[in-house]
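Undergrad: Here it is, the structure, as structure tokens.
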Amino acid sequence: MTTARPGLVLRIAPVGMYHGRAGALIERALIVYGRSWVVLVSGALEPLLYLLAFQIGFGKLVSTVAGPDGRPMSYVAFVAPALLASSAMNGAVFETYNMFFKLRYAKHYEAVLATPVGPMDVALGEIGWAMLRGGLYTVAFMAVTGAMGLLTSWWALLLLPVALLVSFAFSAISIALVSFLRSTSQLDYIQLVLMPMFLFSTTFFPITVYPAALQWVVRCFPLYHGIELMRGLAGGFFSWSMAGNLAYLLALAAFGVWASTRRIAKLLLT
Amino acid sequence: MATASTGRVVGPLHGAWLRVEGHWAWYRRYWLSTLYSTGLQPVLFLAAMGLGFGSQVRAGPATGGVSYLAYVAPALLVAGSTQLAVGESSYPVLSGFKWQKDYLAVTATPVSPGQVLGGHLIWSTIRLTLAGLVYALVALLFGAWQNAGALVVVLVGTLTGLACGALFTALAARTFDEGQRFGLLFRFVLIPMTLFSGTFFPITQIPAVLRWLAWLSPLWHGTELARGATLGGRGGLAVLGHLAYLAALVLIGWGLAHRAFYRRLVT
């Protein structure tokens, strides 16, 4: 009976938000997706379709654009890291659609919190799963872009940790934000934020296209910082501004964990 | 608008129109939350791809000699229409049968399943035309239209949307699970269709072995019609062919949906 003791202590004295059981949520996600793995795997193909469209279509309309160092670079090589960052973002945010239904309709987290699992376990577990999913898509995408010769530097290996960081930050923030939504029609708001960010964060054209005032608006988008970082790494361009991009994403991730834990605790424990 | 029961059975068109009134009553309250899918999405694409990406494109043979903004504007209207129509005809229709069950409630009155379907299609037509007009006005401010052919583009958008919407309605009426197939169809049919139907670049850039896929796509036929209306350069016979293809899809979708609605709501 000694093994039951720690559980008992945690049940009767919930001192903290975190009980070290975030892995249980990831385990659950693996079991659930084990039954519908087609949905999971098919997500990896979507950015590849975009890449194909850029290779045969858009890349023929625009052969070169100004790269991060100002010199012209191939358009497809310009877009590929941006698509990678966007797919890391999309993968993480779409997972929160599921979270919304679990939160509002299935009463999933009420059940979870009735066990010795705290709100921070929930937040970290959901984020961890989003990162795993995002990581899977990143590896598939990197393999294809690498085979196409679009990754021109060994620094490109660092794209994987950066993609995981982007997944982490967006997942954490969107868990906090989705907890404010009340009805399914409000899910449209997610698209309302996501789509402009996807279209305008220098994904498809360099920031110099914008007037100076708008350039500063674009610099506020979190996705812009993910794309800058990835574009720099994919081509081996380095500058001090990349430290700023990294700091922005780290700060966003930290704030996201704090905010999502707080929101889950507020919604479900009070 | 509350009226006392007359005890009279409504006529076929009136029954469908009552459904349109029902949709309108919902829309009047919630139009703001659907603003993104109704009007904003194609406008955002026009700004990003037409203005932003277009600033990097030099007008040439691939764009038919016009600016990229003018090239992509009519096609984006049609693509937006298709997205909206498919969105309106997938989960919402399934919900009418399965979750909210309003189709079951309505057919418990003298309104028939065929009228429920008719109401849905009429409402889709109104929504699509409205969304097309909003987009056309904004695109006008962007300076994206060459001539008044833009008004024809709105109608082409409605027709193309209706073709895809009717087919999706038929599919939704035959869907009995939680609609997982919609997610897969969006990902593997709708997105590739939007990318490879000549919306952003001519389909002649697609390798010849795969080009027939674009010919099957209703979006390509709509895009050709829309470009023909504003930019010209399409022969009369080609225009008739595109129109006939889209009209046939509307009729096929409608017919299939009609059967499925009766099968699911009557027996």
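We name chains A, B, ... following the order of the structure tokens; residues begin at 1 in each chain, and ligands are numbered from 1 as shown.
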Might you pull out every residue within 7 Å of region 212-219 of chain B, with only C-alpha atoms counted and same-chain residues fewer than 6 positions away left off, and present them as a PyMOL selection string?
TA: chain B and resi 79+160+193+196-197+246
Undergrad: Within 6 Å of chain B, which residues of chain A show up when using only C-alpha atoms, listed as a VMD selection string?
TA: chain A and resid 57 61 to 62 199 205
Undergrad: Write out the residues from the selection above, keeping C-alpha atoms, as a tab-separated table (two decimals), in the first residue's frame.
TA:
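Wrote it out as selection-v6.tsv, contents follow:
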chain	number	residue	atom	x	y	z
A	57	GLY	CA	3.21	27.92	-59.82
A	61	LEU	CA	5.69	34.08	-61.53
A	62	VAL	CA	8.37	35.39	-59.19
A	199	LEU	CA	-0.95	36.08	-44.89
A	205	PHE	CA	6.72	38.57	-49.72
Undergrad: Which residues in region 50-125 of chain A does DSSP call strand (DSSP E)? List them as a list in words.
TA: Thr64, Val65, Ala66, Pro72, Met73 and Ser74 of chain A
Undergrad: Quick one: of A:Tyr18, A:Phe101, A:Tyr137, A:Phe58, who's nearest to Phe204 (chain A), counting only C-alpha atoms?
TA: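 That would be A:Phe58, the residue with the smallest distance to Phe204 (chain A).
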Undergrad: List the spatial neighbours of Thr109 (chain B) as a VMD selection string - criterion: any atom at most 12 Å away, only C-alpha atoms, same-chain residues fewer than 5 positions off excluded.
TA: chain B and resid 5 7 to 10 15 18 to 19 102 to 104 115 to 116
Undergrad: Identify, on the basis of only C-alpha atoms, every residue whose closest approach to Phe176 (chain B) does not exceed 9 Å; exclude the query and any residue fewer than 5 positions from it along the same chain; express the result as a list in words.
TA: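 Here the qualifying residues turn out to be Leu94, Phe97 and Lys98 of chain B.
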Undergrad: Using the selection just defined, write its residues with N, CA and C atoms as a short mmCIF file (atom, residue, chain, number, x, y, z; two decimals), in the first residue's frame.
TA:
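Writing done, so here's part_17.cif:
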data_model
loop_
_atom_site.label_atom_id
_atom_site.label_comp_id
_atom_site.auth_asym_id
_atom_site.auth_seq_id
_atom_site.Cartn_x
_atom_site.Cartn_y
_atom_site.Cartn_z
N LEU B 94 -25.19 18.78 -41.81
CA LEU B 94 -25.14 17.60 -40.94
C LEU B 94 -25.79 17.90 -39.60
N PHE B 97 -29.49 17.55 -39.50
CA PHE B 97 -29.97 16.17 -39.35
C PHE B 97 -29.65 15.59 -37.99
N LYS B 98 -28.45 15.96 -37.47
CA LYS B 98 -27.89 15.14 -36.41
C LYS B 98 -27.78 15.82 -35.05
#
Undergrad: For the atom pair CA of Ser87 (chain A) and CA of Ser42 (chain A), what is the interatomic distance in Å to one decimal place?
TA: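 Answer for the CA of Ser87 (chain A) to CA of Ser42 (chain A) separation: 12.6 Å.
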Undergrad: Find the residues around Pro74 (chain B) up to 7 Å (only C-alpha atoms counted), leave out those fewer than 3 positions away in its own chain, and share them as a PyMOL selection string.
TA: chain B and resi 77-78+153+226-227
Undergrad: Go ahead and write the selection's residues with N, CA, C and O atoms as a PDB file, in the first residue's frame.
TA:
ATOM      1  N   LEU B  77     -12.587  35.968 -56.007  1.00  0.00           N
ATOM      2  CA  LEU B  77     -14.018  36.020 -55.682  1.00  0.00           C
ATOM      3  C   LEU B  77     -14.627  34.625 -55.808  1.00  0.00           C
ATOM      4  O   LEU B  77     -15.345  34.157 -54.923  1.00  0.00           O
ATOM      5  N   VAL B  78     -14.305  33.943 -56.905  1.00  0.00           N
ATOM      6  CA  VAL B  78     -14.866  32.617 -57.142  1.00  0.00           C
ATOM      7  C   VAL B  78     -14.368  31.630 -56.085  1.00  0.00           C
ATOM      8  O   VAL B  78     -15.137  30.825 -55.539  1.00  0.00           O
ATOM      9  N   VAL B 153     -18.880  38.694 -62.678  1.00  0.00           N
ATOM     10  CA  VAL B 153     -18.030  37.833 -61.846  1.00  0.00           C
ATOM     11  C   VAL B 153     -18.770  37.431 -60.571  1.00  0.00           C
ATOM     12  O   VAL B 153     -18.666  36.285 -60.116  1.00  0.00           O
ATOM     13  N   ALA B 226     -14.947  33.782 -64.904  1.00  0.00           N
ATOM     14  CA  ALA B 226     -14.768  35.073 -64.223  1.00  0.00           C
ATOM     15  C   ALA B 226     -13.707  35.911 -64.941  1.00  0.00           C
ATOM     16  O   ALA B 226     -13.888  37.114 -65.157  1.00  0.00           O
ATOM     17  N   ARG B 227     -12.596  35.275 -65.325  1.00  0.00           N
ATOM     18  CA  ARG B 227     -11.552  36.020 -66.043  1.00  0.00           C
ATOM     19  C   ARG B 227     -12.061  36.478 -67.396  1.00  0.00           C
ATOM     20  O   ARG B 227     -11.764  37.578 -67.851  1.00  0.00           O
TER      21      ARG B 227
END
Undergrad: Name the residues in contact with Ala176 (chain A) at a cut-off of 12 Å, using only C-alpha atoms, excluding same-chain residues fewer than 4 positions from it; report them as an NGL selection string.
TA: :A and (93 or 96 or 99-100 or 103 or 119-120 or 122-124 or 126-127 or 169-172 or 180-181 or 252-253 or 255-267)
Undergrad: Can you pull out the residues contacting Leu158 (chain A)? Cut-off 12 Å, using only C-alpha atoms, and skip same-chain residues under 6 positions away; I want them as a PDB file with N, CA and C atoms, in the first residue's frame.
TA:
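As a result, out.pdb now contains:
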ATOM      1  N   PRO A  81      10.827  28.157 -45.486  1.00  0.00           N
ATOM      2  CA  PRO A  81      10.874  28.252 -44.019  1.00  0.00           C
ATOM      3  C   PRO A  81       9.648  28.932 -43.427  1.00  0.00           C
ATOM      4  N   THR A 138       6.950  18.915 -38.731  1.00  0.00           N
ATOM      5  CA  THR A 138       8.190  19.605 -39.058  1.00  0.00           C
ATOM      6  C   THR A 138       9.196  18.658 -39.684  1.00  0.00           C
ATOM      7  N   VAL A 139       9.323  17.477 -39.102  1.00  0.00           N
ATOM      8  CA  VAL A 139      10.297  16.521 -39.615  1.00  0.00           C
ATOM      9  C   VAL A 139       9.942  16.133 -41.051  1.00  0.00           C
ATOM     10  N   MET A 142      10.747  19.089 -43.310  1.00  0.00           N
ATOM     11  CA  MET A 142      12.192  19.311 -43.471  1.00  0.00           C
ATOM     12  C   MET A 142      12.802  18.270 -44.392  1.00  0.00           C
ATOM     13  N   LEU A 151      17.210  23.807 -48.296  1.00  0.00           N
ATOM     14  CA  LEU A 151      17.906  24.120 -47.048  1.00  0.00           C
ATOM     15  C   LEU A 151      19.387  24.160 -47.383  1.00  0.00           C
ATOM     16  N   LEU A 164       9.512  23.636 -32.739  1.00  0.00           N
ATOM     17  CA  LEU A 164       8.908  23.192 -31.481  1.00  0.00           C
ATOM     18  C   LEU A 164       8.615  24.389 -30.580  1.00  0.00           C
ATOM     19  N   LEU A 165       9.528  25.358 -30.588  1.00  0.00           N
ATOM     20  CA  LEU A 165       9.301  26.565 -29.777  1.00  0.00           C
ATOM     21  C   LEU A 165       8.076  27.331 -30.292  1.00  0.00           C
ATOM     22  N   LEU A 229      13.284  33.945 -37.769  1.00  0.00           N
ATOM     23  CA  LEU A 229      14.258  33.028 -37.181  1.00  0.00           C
ATOM     24  C   LEU A 229      14.510  31.848 -38.125  1.00  0.00           C
ATOM     25  N   MET A 230      13.432  31.295 -38.649  1.00  0.00           N
ATOM     26  CA  MET A 230      13.571  30.111 -39.503  1.00  0.00           C
ATOM     27  C   MET A 230      14.215  30.451 -40.836  1.00  0.00           C
ATOM     28  N   ARG A 231      13.852  31.603 -41.388  1.00  0.00           N
ATOM     29  CA  ARG A 231      14.428  31.996 -42.677  1.00  0.00           C
ATOM     30  C   ARG A 231      15.933  32.199 -42.529  1.00  0.00           C
ATOM     31  N   GLY A 232      16.338  32.797 -41.399  1.00  0.00           N
ATOM     32  CA  GLY A 232      17.758  32.999 -41.146  1.00  0.00           C
ATOM     33  C   GLY A 232      18.497  31.677 -41.040  1.00  0.00           C
ATOM     34  N   LEU A 233      17.913  30.731 -40.294  1.00  0.00           N
ATOM     35  CA  LEU A 233      18.579  29.450 -40.081  1.00  0.00           C
ATOM     36  C   LEU A 233      18.627  28.622 -41.363  1.00  0.00           C
ATOM     37  N   ALA A 234      17.522  28.649 -42.132  1.00  0.00           N
ATOM     38  CA  ALA A 234      17.466  27.801 -43.332  1.00  0.00           C
ATOM     39  C   ALA A 234      18.534  28.189 -44.336  1.00  0.00           C
ATOM     40  N   GLY A 235      18.835  29.497 -44.413  1.00  0.00           N
ATOM     41  CA  GLY A 235      19.806  29.940 -45.406  1.00  0.00           C
ATOM     42  C   GLY A 235      21.173  30.243 -44.805  1.00  0.00           C
ATOM     43  N   GLY A 236      21.309  30.100 -43.480  1.00  0.00           N
ATOM     44  CA  GLY A 236      22.572  30.403 -42.828  1.00  0.00           C
ATOM     45  C   GLY A 236      22.885  31.888 -42.760  1.00  0.00           C
TER      46      GLY A 236
END
Undergrad: Take CA of Ala82 (chain A) and CA of Trp154 (chain A) and report the distance between them in Å, one decimal.
TA: 17.7 Å
Undergrad: How many Å separate CA of Ser67 (chain B) from CA of Asn147 (chain B)?
TA: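 Between these atoms lies a distance of 14.0 Å.
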Undergrad: Determine which residues of region 35-177 of chain A receive a DSSP assignment of helix (DSSP H, G or I), computed from the backbone, and state them as a VMD selection string.
TA: chain A and resid 35 37 to 61 75 to 104 108 to 113 119 to 147 154 to 177
